[in-house]
Amino acid sequence: MAEIDFNIDDNVDITDVVCPTTFVKAKVALEELDDGQILAVKMNDGEPVQNVPRSIKEEGHQILKLINNEDGTYTLIVKKVGD
């Protein structure tokens with residue numbers, strides 16, 4: 001996996017689920033964090049990479065980085081923003 005320059009508070013792997021469950025699983029993981037904490041979301045290339053970051057951003061959270069793991073997966077680094 002690529003080097004990550006963030007202090008990750010939690011990780012969720014959604015490579016075993018399909019849309020729209022991918023976003024739901026990521027959203028639930030974010031809800032369990034405190035404001036300002038950082039979540040790393042590992043997802044497959046394709047539909048998840050297109051939809052999950054957009055949906056998370058629409059929820060008001062901050063996308064910090066999208067890392068190509070060079071194995072058909074990506075890691076999305078998200079900062080939880082309060083309501």
# chains A, B, ... in the order shown; residues from 1 in each chain; ligands from 1
$ residues_around --residues "Pro20 (chain A)" --least-positions-apart "5" --cutoff "9 Å" --atoms "only C-alpha atoms" --output "list of chain:residue names"
A:Lys25, A:Pro48, A:Asn51, A:Val52
$ write_last_selection --atoms "C-alpha atoms" --output "PDB file, in the first residue's frame"
ATOM      1  CA  LYS A  25     -20.581   0.905   4.981  1.00  0.00           C
ATOM      2  CA  PRO A  48     -16.886   2.577  -5.802  1.00  0.00           C
ATOM      3  CA  ASN A  51     -19.368   7.109  -6.297  1.00  0.00           C
ATOM      4  CA  VAL A  52     -18.090   6.799  -2.723  1.00  0.00           C
TER       5      VAL A  52
END
$ residues_around --residues "region 68-75 of chain A" --least-positions-apart "6" --cutoff "12 Å" --atoms "only C-alpha atoms" --output "PyMOL selection string"
chain A and resi 1-4+8+11-16+26+39-50+52-53
$ write_last_selection --atoms "N, CA and C atoms" --output "mmCIF file, in the first residue's frame"
data_model
loop_
_atom_site.group_PDB
_atom_site.id
_atom_site.type_symbol
_atom_site.label_atom_id
_atom_site.label_comp_id
_atom_site.auth_asym_id
_atom_site.auth_seq_id
_atom_site.Cartn_x
_atom_site.Cartn_y
_atom_site.Cartn_z
ATOM 1 N N MET A 1 0.838 -1.182 0.000
ATOM 2 C CA MET A 1 0.000 0.000 0.000
ATOM 3 C C MET A 1 0.879 1.239 0.000
ATOM 4 N N ALA A 2 0.384 2.291 -0.604
ATOM 5 C CA ALA A 2 1.131 3.538 -0.685
ATOM 6 C C ALA A 2 1.309 4.146 0.698
ATOM 7 N N GLU A 3 2.356 4.941 0.837
ATOM 8 C CA GLU A 3 2.612 5.598 2.111
ATOM 9 C C GLU A 3 1.539 6.657 2.369
ATOM 10 N N ILE A 4 1.060 6.698 3.592
ATOM 11 C CA ILE A 4 0.012 7.639 3.963
ATOM 12 C C ILE A 4 0.580 8.648 4.947
ATOM 13 N N ILE A 8 -4.254 8.116 10.808
ATOM 14 C CA ILE A 8 -5.523 7.431 10.558
ATOM 15 C C ILE A 8 -6.118 6.954 11.884
ATOM 16 N N ASN A 11 -10.034 2.360 10.035
ATOM 17 C CA ASN A 11 -9.985 1.830 8.669
ATOM 18 C C ASN A 11 -11.241 1.022 8.401
ATOM 19 N N VAL A 12 -11.710 1.071 7.155
ATOM 20 C CA VAL A 12 -12.808 0.209 6.738
ATOM 21 C C VAL A 12 -12.473 -0.315 5.340
ATOM 22 N N ASP A 13 -12.693 -1.605 5.161
ATOM 23 C CA ASP A 13 -12.428 -2.243 3.879
ATOM 24 C C ASP A 13 -13.775 -2.580 3.245
ATOM 25 N N ILE A 14 -14.072 -1.921 2.122
ATOM 26 C CA ILE A 14 -15.355 -2.160 1.445
ATOM 27 C C ILE A 14 -15.145 -2.870 0.105
ATOM 28 N N THR A 15 -14.018 -3.559 -0.019
ATOM 29 C CA THR A 15 -13.735 -4.252 -1.279
ATOM 30 C C THR A 15 -14.623 -5.479 -1.468
ATOM 31 N N ASP A 16 -15.287 -5.936 -0.409
ATOM 32 C CA ASP A 16 -16.112 -7.143 -0.509
ATOM 33 C C ASP A 16 -17.597 -6.839 -0.708
ATOM 34 N N ALA A 26 -19.159 2.817 4.396
ATOM 35 C CA ALA A 26 -18.232 3.913 4.679
ATOM 36 C C ALA A 26 -18.905 4.958 5.573
ATOM 37 N N LEU A 39 -10.612 8.731 8.582
ATOM 38 C CA LEU A 39 -10.955 7.368 8.203
ATOM 39 C C LEU A 39 -10.276 7.021 6.883
ATOM 40 N N ALA A 40 -9.709 5.812 6.815
ATOM 41 C CA ALA A 40 -9.168 5.285 5.564
ATOM 42 C C ALA A 40 -10.150 4.244 5.046
ATOM 43 N N VAL A 41 -10.619 4.438 3.820
ATOM 44 C CA VAL A 41 -11.589 3.532 3.213
ATOM 45 C C VAL A 41 -10.924 2.825 2.033
ATOM 46 N N LYS A 42 -10.765 1.505 2.139
ATOM 47 C CA LYS A 42 -10.187 0.741 1.028
ATOM 48 C C LYS A 42 -11.324 0.244 0.157
ATOM 49 N N MET A 43 -11.240 0.549 -1.150
ATOM 50 C CA MET A 43 -12.316 0.180 -2.075
ATOM 51 C C MET A 43 -11.749 -0.287 -3.402
ATOM 52 N N ASN A 44 -12.583 -0.972 -4.155
ATOM 53 C CA ASN A 44 -12.200 -1.435 -5.485
ATOM 54 C C ASN A 44 -12.244 -0.289 -6.486
ATOM 55 N N ASP A 45 -11.508 -0.469 -7.563
ATOM 56 C CA ASP A 45 -11.557 0.457 -8.691
ATOM 57 C C ASP A 45 -12.939 0.360 -9.337
ATOM 58 N N GLY A 46 -13.295 1.356 -10.134
ATOM 59 C CA GLY A 46 -14.571 1.321 -10.850
ATOM 60 C C GLY A 46 -15.639 2.117 -10.130
ATOM 61 N N GLU A 47 -16.824 1.533 -10.032
ATOM 62 C CA GLU A 47 -17.973 2.237 -9.467
ATOM 63 C C GLU A 47 -17.730 2.780 -8.053
ATOM 64 N N PRO A 48 -17.121 2.015 -7.133
ATOM 65 C CA PRO A 48 -16.886 2.577 -5.802
ATOM 66 C C PRO A 48 -16.023 3.847 -5.831
ATOM 67 N N VAL A 49 -14.952 3.829 -6.633
ATOM 68 C CA VAL A 49 -14.068 4.997 -6.697
ATOM 69 C C VAL A 49 -14.792 6.209 -7.292
ATOM 70 N N GLN A 50 -15.735 5.959 -8.192
ATOM 71 C CA GLN A 50 -16.496 7.048 -8.795
ATOM 72 C C GLN A 50 -17.554 7.588 -7.838
ATOM 73 N N VAL A 52 -18.276 6.629 -4.166
ATOM 74 C CA VAL A 52 -18.090 6.799 -2.723
ATOM 75 C C VAL A 52 -17.496 8.167 -2.372
ATOM 76 N N PRO A 53 -16.405 8.602 -3.022
ATOM 77 C CA PRO A 53 -15.878 9.933 -2.667
ATOM 78 C C PRO A 53 -16.907 11.050 -2.889
#
$ residues_around --residues "Lys79 (chain A)" --least-positions-apart "6" --cutoff "12 Å" --atoms "only C-alpha atoms" --output "NGL selection string"
:A and (6-10 or 27 or 29-31 or 33-41 or 53 or 56-57 or 59-65)
$ write_last_selection --atoms "N, CA, C and O atoms" --output "tab-separated table (two decimals), in the first residue's frame"
chain	number	residue	atom	x	y	z
A	6	PHE	N	-1.07	10.74	6.88
A	6	PHE	CA	-2.10	11.18	7.81
A	6	PHE	C	-2.15	10.25	9.01
A	6	PHE	O	-1.81	9.08	8.91
A	7	ASN	N	-2.60	10.78	10.14
A	7	ASN	CA	-2.80	9.98	11.33
A	7	ASN	C	-4.19	9.35	11.23
A	7	ASN	O	-5.19	10.00	11.50
A	8	ILE	N	-4.25	8.12	10.81
A	8	ILE	CA	-5.52	7.43	10.56
A	8	ILE	C	-6.12	6.95	11.88
A	8	ILE	O	-5.46	6.26	12.65
A	9	ASP	N	-7.37	7.33	12.13
A	9	ASP	CA	-8.05	6.92	13.36
A	9	ASP	C	-8.78	5.59	13.21
A	9	ASP	O	-8.96	4.87	14.19
A	10	ASP	N	-9.23	5.28	12.00
A	10	ASP	CA	-9.94	4.02	11.78
A	10	ASP	C	-9.84	3.64	10.31
A	10	ASP	O	-9.57	4.49	9.46
A	27	LYS	N	-20.17	5.25	5.31
A	27	LYS	CA	-20.91	6.26	6.09
A	27	LYS	C	-21.05	5.80	7.54
A	27	LYS	O	-20.86	6.60	8.46
A	29	ALA	N	-19.07	3.81	9.18
A	29	ALA	CA	-17.75	3.92	9.81
A	29	ALA	C	-17.45	5.37	10.19
A	29	ALA	O	-16.91	5.65	11.26
A	30	LEU	N	-17.82	6.32	9.32
A	30	LEU	CA	-17.62	7.74	9.62
A	30	LEU	C	-18.46	8.18	10.81
A	30	LEU	O	-17.99	8.96	11.64
A	31	GLU	N	-19.67	7.69	10.89
A	31	GLU	CA	-20.56	8.07	11.99
A	31	GLU	C	-20.01	7.64	13.34
A	31	GLU	O	-20.32	8.27	14.36
A	33	LEU	N	-16.92	7.83	14.21
A	33	LEU	CA	-15.78	8.67	14.56
A	33	LEU	C	-16.22	9.99	15.17
A	33	LEU	O	-17.35	10.43	14.99
A	34	ASP	N	-15.30	10.64	15.87
A	34	ASP	CA	-15.53	11.99	16.37
A	34	ASP	C	-15.16	12.99	15.28
A	34	ASP	O	-14.36	12.69	14.39
A	35	ASP	N	-15.73	14.19	15.38
A	35	ASP	CA	-15.40	15.24	14.42
A	35	ASP	C	-13.89	15.45	14.38
A	35	ASP	O	-13.23	15.48	15.42
A	36	GLY	N	-13.36	15.59	13.17
A	36	GLY	CA	-11.93	15.83	12.99
A	36	GLY	C	-11.10	14.56	12.87
A	36	GLY	O	-9.93	14.63	12.50
A	37	GLN	N	-11.69	13.40	13.18
A	37	GLN	CA	-10.93	12.16	13.04
A	37	GLN	C	-10.87	11.76	11.57
A	37	GLN	O	-11.67	12.21	10.74
A	38	ILE	N	-9.91	10.89	11.26
A	38	ILE	CA	-9.64	10.51	9.88
A	38	ILE	C	-9.89	9.02	9.67
A	38	ILE	O	-9.44	8.19	10.45
A	39	LEU	N	-10.61	8.73	8.58
A	39	LEU	CA	-10.95	7.37	8.20
A	39	LEU	C	-10.28	7.02	6.88
A	39	LEU	O	-10.27	7.82	5.95
A	40	ALA	N	-9.71	5.81	6.82
A	40	ALA	CA	-9.17	5.28	5.56
A	40	ALA	C	-10.15	4.24	5.05
A	40	ALA	O	-10.50	3.31	5.76
A	41	VAL	N	-10.62	4.44	3.82
A	41	VAL	CA	-11.59	3.53	3.21
A	41	VAL	C	-10.92	2.83	2.03
A	41	VAL	O	-10.56	3.47	1.05
A	53	PRO	N	-16.41	8.60	-3.02
A	53	PRO	CA	-15.88	9.93	-2.67
A	53	PRO	C	-16.91	11.05	-2.89
A	53	PRO	O	-17.04	11.96	-2.06
A	56	ILE	N	-19.55	10.89	-0.09
A	56	ILE	CA	-19.00	11.34	1.19
A	56	ILE	C	-18.86	12.86	1.20
A	56	ILE	O	-19.18	13.52	2.19
A	57	LYS	N	-18.40	13.41	0.09
A	57	LYS	CA	-18.27	14.87	-0.01
A	57	LYS	C	-19.64	15.54	0.10
A	57	LYS	O	-19.78	16.57	0.75
A	59	GLU	N	-22.04	14.54	1.79
A	59	GLU	CA	-22.43	14.46	3.20
A	59	GLU	C	-21.74	15.56	4.02
A	59	GLU	O	-22.03	15.73	5.19
A	60	GLY	N	-20.79	16.27	3.41
A	60	GLY	CA	-20.12	17.37	4.08
A	60	GLY	C	-18.76	17.05	4.66
A	60	GLY	O	-18.14	17.89	5.31
A	61	HIS	N	-18.26	15.85	4.41
A	61	HIS	CA	-16.96	15.47	4.94
A	61	HIS	C	-15.86	15.89	3.96
A	61	HIS	O	-16.12	16.17	2.79
A	62	GLN	N	-14.63	15.93	4.45
A	62	GLN	CA	-13.51	16.42	3.65
A	62	GLN	C	-12.69	15.25	3.10
A	62	GLN	O	-12.19	14.43	3.85
A	63	ILE	N	-12.56	15.21	1.77
A	63	ILE	CA	-11.71	14.21	1.12
A	63	ILE	C	-10.28	14.75	1.17
A	63	ILE	O	-9.99	15.81	0.63
A	64	LEU	N	-9.39	14.01	1.83
A	64	LEU	CA	-8.00	14.46	1.95
A	64	LEU	C	-7.13	13.90	0.83
A	64	LEU	O	-6.26	14.60	0.33
A	65	LYS	N	-7.38	12.64	0.45
A	65	LYS	CA	-6.52	12.02	-0.56
A	65	LYS	C	-7.15	10.75	-1.07
A	65	LYS	O	-7.84	10.05	-0.34
$ closest_residue --among "A:Val17, A:Val24, A:Arg54, A:Val81" --to "Leu66 (chain A)" --atoms "only C-alpha atoms"
A:Arg54
$ select_by_dssp --residues "chain A" --states "helix (DSSP H, G or I)" --output "PyMOL selection string"
chain A and resi 21-31+47-58
$ write_last_selection --atoms "N, CA and C atoms" --output "short mmCIF file (atom, residue, chain, number, x, y, z; two decimals), in the first residue's frame"
data_model
loop_
_atom_site.label_atom_id
_atom_site.label_comp_id
_atom_site.auth_asym_id
_atom_site.auth_seq_id
_atom_site.Cartn_x
_atom_site.Cartn_y
_atom_site.Cartn_z
N THR A 21 -24.11 -0.39 -1.26
CA THR A 21 -23.67 -0.80 0.08
C THR A 21 -22.29 -0.24 0.41
N THR A 22 -21.46 0.00 -0.60
CA THR A 22 -20.12 0.53 -0.35
C THR A 22 -20.20 1.86 0.39
N PHE A 23 -21.05 2.76 -0.09
CA PHE A 23 -21.18 4.06 0.56
C PHE A 23 -21.78 3.91 1.96
N VAL A 24 -22.78 3.06 2.10
CA VAL A 24 -23.44 2.86 3.39
C VAL A 24 -22.43 2.39 4.43
N LYS A 25 -21.58 1.43 4.05
CA LYS A 25 -20.58 0.90 4.98
C LYS A 25 -19.57 2.00 5.37
N ALA A 26 -19.16 2.82 4.40
CA ALA A 26 -18.23 3.91 4.68
C ALA A 26 -18.90 4.96 5.57
N LYS A 27 -20.17 5.25 5.31
CA LYS A 27 -20.91 6.26 6.09
C LYS A 27 -21.05 5.80 7.54
N VAL A 28 -21.37 4.53 7.75
CA VAL A 28 -21.50 4.00 9.11
C VAL A 28 -20.16 4.12 9.86
N ALA A 29 -19.07 3.81 9.18
CA ALA A 29 -17.75 3.92 9.81
C ALA A 29 -17.45 5.37 10.19
N LEU A 30 -17.82 6.32 9.32
CA LEU A 30 -17.62 7.74 9.62
C LEU A 30 -18.46 8.18 10.81
N GLU A 31 -19.67 7.69 10.89
CA GLU A 31 -20.56 8.07 11.99
C GLU A 31 -20.01 7.64 13.34
N GLU A 47 -16.82 1.53 -10.03
CA GLU A 47 -17.97 2.24 -9.47
C GLU A 47 -17.73 2.78 -8.05
N PRO A 48 -17.12 2.02 -7.13
CA PRO A 48 -16.89 2.58 -5.80
C PRO A 48 -16.02 3.85 -5.83
N VAL A 49 -14.95 3.83 -6.63
CA VAL A 49 -14.07 5.00 -6.70
C VAL A 49 -14.79 6.21 -7.29
N GLN A 50 -15.73 5.96 -8.19
CA GLN A 50 -16.50 7.05 -8.79
C GLN A 50 -17.55 7.59 -7.84
N ASN A 51 -18.20 6.71 -7.08
CA ASN A 51 -19.37 7.11 -6.30
C ASN A 51 -19.11 7.41 -4.83
N VAL A 52 -18.28 6.63 -4.17
CA VAL A 52 -18.09 6.80 -2.72
C VAL A 52 -17.50 8.17 -2.37
N PRO A 53 -16.41 8.60 -3.02
CA PRO A 53 -15.88 9.93 -2.67
C PRO A 53 -16.91 11.05 -2.89
N ARG A 54 -17.63 10.98 -3.98
CA ARG A 54 -18.64 12.00 -4.27
C ARG A 54 -19.73 12.01 -3.19
N SER A 55 -20.20 10.85 -2.82
CA SER A 55 -21.26 10.75 -1.81
C SER A 55 -20.78 11.23 -0.45
N ILE A 56 -19.55 10.89 -0.09
CA ILE A 56 -19.00 11.34 1.19
C ILE A 56 -18.86 12.86 1.20
N LYS A 57 -18.40 13.41 0.09
CA LYS A 57 -18.27 14.87 -0.01
C LYS A 57 -19.64 15.54 0.10
N GLU A 58 -20.65 14.95 -0.53
CA GLU A 58 -22.01 15.49 -0.45
C GLU A 58 -22.55 15.47 0.98
#
$ select_by_dssp --residues "chain A" --states "strand (DSSP E or B)" --output "JSON list (two decimals) with all heavy atoms, in the first residue's frame"
[["chain", "number", "residue", "atom", "x", "y", "z"],
["A", 10, "ASP", "N", -9.23, 5.28, 12.00],
["A", 10, "ASP", "CA", -9.94, 4.02, 11.78],
["A", 10, "ASP", "C", -9.84, 3.64, 10.31],
["A", 10, "ASP", "O", -9.57, 4.49, 9.46],
["A", 10, "ASP", "CB", -11.42, 4.16, 12.18],
["A", 10, "ASP", "CG", -12.09, 2.81, 12.41],
["A", 10, "ASP", "OD1", -11.40, 1.76, 12.39],
["A", 10, "ASP", "OD2", -13.32, 2.79, 12.59],
["A", 11, "ASN", "N", -10.03, 2.36, 10.04],
["A", 11, "ASN", "CA", -9.98, 1.83, 8.67],
["A", 11, "ASN", "C", -11.24, 1.02, 8.40],
["A", 11, "ASN", "O", -11.75, 0.36, 9.31],
["A", 11, "ASN", "CB", -8.79, 0.88, 8.51],
["A", 11, "ASN", "CG", -7.47, 1.58, 8.61],
["A", 11, "ASN", "OD1", -7.01, 2.18, 7.67],
["A", 11, "ASN", "ND2", -6.85, 1.52, 9.79],
["A", 12, "VAL", "N", -11.71, 1.07, 7.15],
["A", 12, "VAL", "CA", -12.81, 0.21, 6.74],
["A", 12, "VAL", "C", -12.47, -0.32, 5.34],
["A", 12, "VAL", "O", -11.98, 0.42, 4.49],
["A", 12, "VAL", "CB", -14.18, 0.94, 6.78],
["A", 12, "VAL", "CG1", -14.24, 2.08, 5.81],
["A", 12, "VAL", "CG2", -15.31, -0.03, 6.53],
["A", 13, "ASP", "N", -12.69, -1.61, 5.16],
["A", 13, "ASP", "CA", -12.43, -2.24, 3.88],
["A", 13, "ASP", "C", -13.77, -2.58, 3.24],
["A", 13, "ASP", "O", -14.52, -3.40, 3.78],
["A", 13, "ASP", "CB", -11.60, -3.51, 4.10],
["A", 13, "ASP", "CG", -11.20, -4.20, 2.81],
["A", 13, "ASP", "OD1", -11.85, -3.96, 1.76],
["A", 13, "ASP", "OD2", -10.24, -4.99, 2.84],
["A", 38, "ILE", "N", -9.91, 10.89, 11.26],
["A", 38, "ILE", "CA", -9.64, 10.51, 9.88],
["A", 38, "ILE", "C", -9.89, 9.02, 9.67],
["A", 38, "ILE", "O", -9.44, 8.19, 10.45],
["A", 38, "ILE", "CB", -8.21, 10.90, 9.48],
["A", 38, "ILE", "CG1", -8.07, 12.43, 9.55],
["A", 38, "ILE", "CG2", -7.86, 10.39, 8.09],
["A", 38, "ILE", "CD1", -6.69, 12.96, 9.29],
["A", 39, "LEU", "N", -10.61, 8.73, 8.58],
["A", 39, "LEU", "CA", -10.95, 7.37, 8.20],
["A", 39, "LEU", "C", -10.28, 7.02, 6.88],
["A", 39, "LEU", "O", -10.27, 7.82, 5.95],
["A", 39, "LEU", "CB", -12.48, 7.25, 8.03],
["A", 39, "LEU", "CG", -13.02, 5.91, 7.54],
["A", 39, "LEU", "CD1", -12.83, 4.83, 8.62],
["A", 39, "LEU", "CD2", -14.49, 6.03, 7.18],
["A", 40, "ALA", "N", -9.71, 5.81, 6.82],
["A", 40, "ALA", "CA", -9.17, 5.28, 5.56],
["A", 40, "ALA", "C", -10.15, 4.24, 5.05],
["A", 40, "ALA", "O", -10.50, 3.31, 5.76],
["A", 40, "ALA", "CB", -7.80, 4.66, 5.79],
["A", 41, "VAL", "N", -10.62, 4.44, 3.82],
["A", 41, "VAL", "CA", -11.59, 3.53, 3.21],
["A", 41, "VAL", "C", -10.92, 2.83, 2.03],
["A", 41, "VAL", "O", -10.56, 3.47, 1.05],
["A", 41, "VAL", "CB", -12.84, 4.31, 2.71],
["A", 41, "VAL", "CG1", -13.86, 3.34, 2.14],
["A", 41, "VAL", "CG2", -13.44, 5.16, 3.81],
["A", 42, "LYS", "N", -10.76, 1.50, 2.14],
["A", 42, "LYS", "CA", -10.19, 0.74, 1.03],
["A", 42, "LYS", "C", -11.32, 0.24, 0.16],
["A", 42, "LYS", "O", -12.27, -0.37, 0.65],
["A", 42, "LYS", "CB", -9.37, -0.45, 1.56],
["A", 42, "LYS", "CG", -8.67, -1.20, 0.45],
["A", 42, "LYS", "CD", -7.80, -2.30, 1.00],
["A", 42, "LYS", "CE", -7.10, -3.04, -0.12],
["A", 42, "LYS", "NZ", -6.29, -4.15, 0.37],
["A", 43, "MET", "N", -11.24, 0.55, -1.15],
["A", 43, "MET", "CA", -12.32, 0.18, -2.08],
["A", 43, "MET", "C", -11.75, -0.29, -3.40],
["A", 43, "MET", "O", -10.59, -0.01, -3.73],
["A", 43, "MET", "CB", -13.24, 1.37, -2.28],
["A", 43, "MET", "CG", -12.59, 2.52, -3.02],
["A", 43, "MET", "SD", -13.62, 3.98, -3.08],
["A", 43, "MET", "CE", -13.04, 4.79, -1.61],
["A", 44, "ASN", "N", -12.58, -0.97, -4.15],
["A", 44, "ASN", "CA", -12.20, -1.43, -5.48],
["A", 44, "ASN", "C", -12.24, -0.29, -6.49],
["A", 44, "ASN", "O", -12.95, 0.71, -6.29],
["A", 44, "ASN", "CB", -13.14, -2.54, -5.95],
["A", 44, "ASN", "CG", -12.97, -3.81, -5.16],
["A", 44, "ASN", "OD1", -11.86, -4.20, -4.82],
["A", 44, "ASN", "ND2", -14.07, -4.47, -4.85],
["A", 62, "GLN", "N", -14.63, 15.93, 4.45],
["A", 62, "GLN", "CA", -13.51, 16.42, 3.65],
["A", 62, "GLN", "C", -12.69, 15.25, 3.10],
["A", 62, "GLN", "O", -12.19, 14.43, 3.85],
["A", 62, "GLN", "CB", -12.62, 17.32, 4.52],
["A", 62, "GLN", "CG", -11.46, 17.93, 3.77],
["A", 62, "GLN", "CD", -10.60, 18.81, 4.68],
["A", 62, "GLN", "OE1", -10.89, 18.97, 5.86],
["A", 62, "GLN", "NE2", -9.55, 19.36, 4.12],
["A", 63, "ILE", "N", -12.56, 15.21, 1.77],
["A", 63, "ILE", "CA", -11.71, 14.21, 1.12],
["A", 63, "ILE", "C", -10.28, 14.75, 1.17],
["A", 63, "ILE", "O", -9.99, 15.81, 0.63],
["A", 63, "ILE", "CB", -12.13, 13.99, -0.34],
["A", 63, "ILE", "CG1", -13.61, 13.59, -0.44],
["A", 63, "ILE", "CG2", -11.22, 12.95, -1.00],
["A", 63, "ILE", "CD1", -13.99, 12.32, 0.24],
["A", 64, "LEU", "N", -9.39, 14.01, 1.83],
["A", 64, "LEU", "CA", -8.00, 14.46, 1.95],
["A", 64, "LEU", "C", -7.13, 13.90, 0.83],
["A", 64, "LEU", "O", -6.26, 14.60, 0.33],
["A", 64, "LEU", "CB", -7.43, 14.04, 3.31],
["A", 64, "LEU", "CG", -8.15, 14.61, 4.53],
["A", 64, "LEU", "CD1", -7.53, 14.06, 5.81],
["A", 64, "LEU", "CD2", -8.12, 16.14, 4.53],
["A", 65, "LYS", "N", -7.38, 12.64, 0.45],
["A", 65, "LYS", "CA", -6.52, 12.02, -0.56],
["A", 65, "LYS", "C", -7.15, 10.75, -1.07],
["A", 65, "LYS", "O", -7.84, 10.05, -0.34],
["A", 65, "LYS", "CB", -5.15, 11.71, 0.07],
["A", 65, "LYS", "CG", -4.06, 11.36, -0.90],
["A", 65, "LYS", "CD", -2.71, 11.34, -0.20],
["A", 65, "LYS", "CE", -1.60, 11.27, -1.21],
["A", 65, "LYS", "NZ", -0.28, 11.33, -0.59],
["A", 66, "LEU", "N", -6.91, 10.46, -2.34],
["A", 66, "LEU", "CA", -7.31, 9.18, -2.93],
["A", 66, "LEU", "C", -6.02, 8.53, -3.44],
["A", 66, "LEU", "O", -5.34, 9.07, -4.31],
["A", 66, "LEU", "CB", -8.30, 9.38, -4.07],
["A", 66, "LEU", "CG", -8.79, 8.10, -4.75],
["A", 66, "LEU", "CD1", -9.53, 7.20, -3.76],
["A", 66, "LEU", "CD2", -9.68, 8.42, -5.94],
["A", 67, "ILE", "N", -5.70, 7.38, -2.87],
["A", 67, "ILE", "CA", -4.42, 6.72, -3.17],
["A", 67, "ILE", "C", -4.68, 5.47, -4.00],
["A", 67, "ILE", "O", -5.48, 4.61, -3.63],
["A", 67, "ILE", "CB", -3.72, 6.32, -1.85],
["A", 67, "ILE", "CG1", -3.48, 7.55, -0.98],
["A", 67, "ILE", "CG2", -2.43, 5.56, -2.13],
["A", 67, "ILE", "CD1", -3.18, 7.23, 0.46],
["A", 68, "ASN", "N", -3.99, 5.38, -5.13],
["A", 68, "ASN", "CA", -4.04, 4.18, -5.96],
["A", 68, "ASN", "C", -3.07, 3.17, -5.37],
["A", 68, "ASN", "O", -1.86, 3.40, -5.33],
["A", 68, "ASN", "CB", -3.65, 4.52, -7.40],
["A", 68, "ASN", "CG", -3.81, 3.35, -8.34],
["A", 68, "ASN", "OD1", -3.85, 2.20, -7.93],
["A", 68, "ASN", "ND2", -3.91, 3.64, -9.62],
["A", 73, "THR", "N", -7.16, -1.66, -6.19],
["A", 73, "THR", "CA", -7.90, -1.02, -5.11],
["A", 73, "THR", "C", -7.37, 0.40, -4.88],
["A", 73, "THR", "O", -6.26, 0.74, -5.31],
["A", 73, "THR", "CB", -7.80, -1.79, -3.78],
["A", 73, "THR", "OG1", -6.45, -1.74, -3.30],
["A", 73, "THR", "CG2", -8.25, -3.24, -3.94],
["A", 74, "TYR", "N", -8.18, 1.18, -4.19],
["A", 74, "TYR", "CA", -7.80, 2.54, -3.81],
["A", 74, "TYR", "C", -8.06, 2.71, -2.32],
["A", 74, "TYR", "O", -8.91, 2.03, -1.75],
["A", 74, "TYR", "CB", -8.66, 3.57, -4.56],
["A", 74, "TYR", "CG", -8.27, 3.73, -6.01],
["A", 74, "TYR", "CD1", -8.66, 2.82, -6.96],
["A", 74, "TYR", "CD2", -7.49, 4.82, -6.41],
["A", 74, "TYR", "CE1", -8.31, 2.96, -8.29],
["A", 74, "TYR", "CE2", -7.13, 4.98, -7.74],
["A", 74, "TYR", "CZ", -7.54, 4.05, -8.67],
["A", 74, "TYR", "OH", -7.18, 4.20, -9.98],
["A", 75, "THR", "N", -7.33, 3.64, -1.71],
["A", 75, "THR", "CA", -7.59, 4.01, -0.33],
["A", 75, "THR", "C", -7.99, 5.48, -0.32],
["A", 75, "THR", "O", -7.23, 6.34, -0.77],
["A", 75, "THR", "CB", -6.37, 3.78, 0.57],
["A", 75, "THR", "OG1", -6.03, 2.38, 0.53],
["A", 75, "THR", "CG2", -6.67, 4.18, 2.01],
["A", 76, "LEU", "N", -9.18, 5.73, 0.19],
["A", 76, "LEU", "CA", -9.71, 7.08, 0.30],
["A", 76, "LEU", "C", -9.50, 7.55, 1.73],
["A", 76, "LEU", "O", -9.90, 6.88, 2.68],
["A", 76, "LEU", "CB", -11.22, 7.08, -0.04],
["A", 76, "LEU", "CG", -11.93, 8.41, 0.04],
["A", 76, "LEU", "CD1", -11.45, 9.34, -1.08],
["A", 76, "LEU", "CD2", -13.43, 8.20, -0.05],
["A", 77, "ILE", "N", -8.86, 8.71, 1.89],
["A", 77, "ILE", "CA", -8.61, 9.28, 3.21],
["A", 77, "ILE", "C", -9.63, 10.40, 3.42],
["A", 77, "ILE", "O", -9.66, 11.36, 2.65],
["A", 77, "ILE", "CB", -7.17, 9.83, 3.33],
["A", 77, "ILE", "CG1", -6.14, 8.79, 2.87],
["A", 77, "ILE", "CG2", -6.90, 10.31, 4.76],
["A", 77, "ILE", "CD1", -6.12, 7.51, 3.66],
["A", 78, "VAL", "N", -10.45, 10.26, 4.46],
["A", 78, "VAL", "CA", -11.56, 11.18, 4.71],
["A", 78, "VAL", "C", -11.47, 11.74, 6.12],
["A", 78, "VAL", "O", -11.26, 11.00, 7.08],
["A", 78, "VAL", "CB", -12.91, 10.45, 4.59],
["A", 78, "VAL", "CG1", -14.07, 11.41, 4.78],
["A", 78, "VAL", "CG2", -13.04, 9.73, 3.26],
["A", 79, "LYS", "N", -11.67, 13.05, 6.24],
["A", 79, "LYS", "CA", -11.75, 13.70, 7.55],
["A", 79, "LYS", "C", -13.21, 13.96, 7.88],
["A", 79, "LYS", "O", -13.94, 14.56, 7.07],
["A", 79, "LYS", "CB", -10.98, 15.02, 7.53],
["A", 79, "LYS", "CG", -10.95, 15.71, 8.87],
["A", 79, "LYS", "CD", -10.08, 16.97, 8.80],
["A", 79, "LYS", "CE", -9.99, 17.64, 10.13],
["A", 79, "LYS", "NZ", -9.14, 18.86, 10.05]]
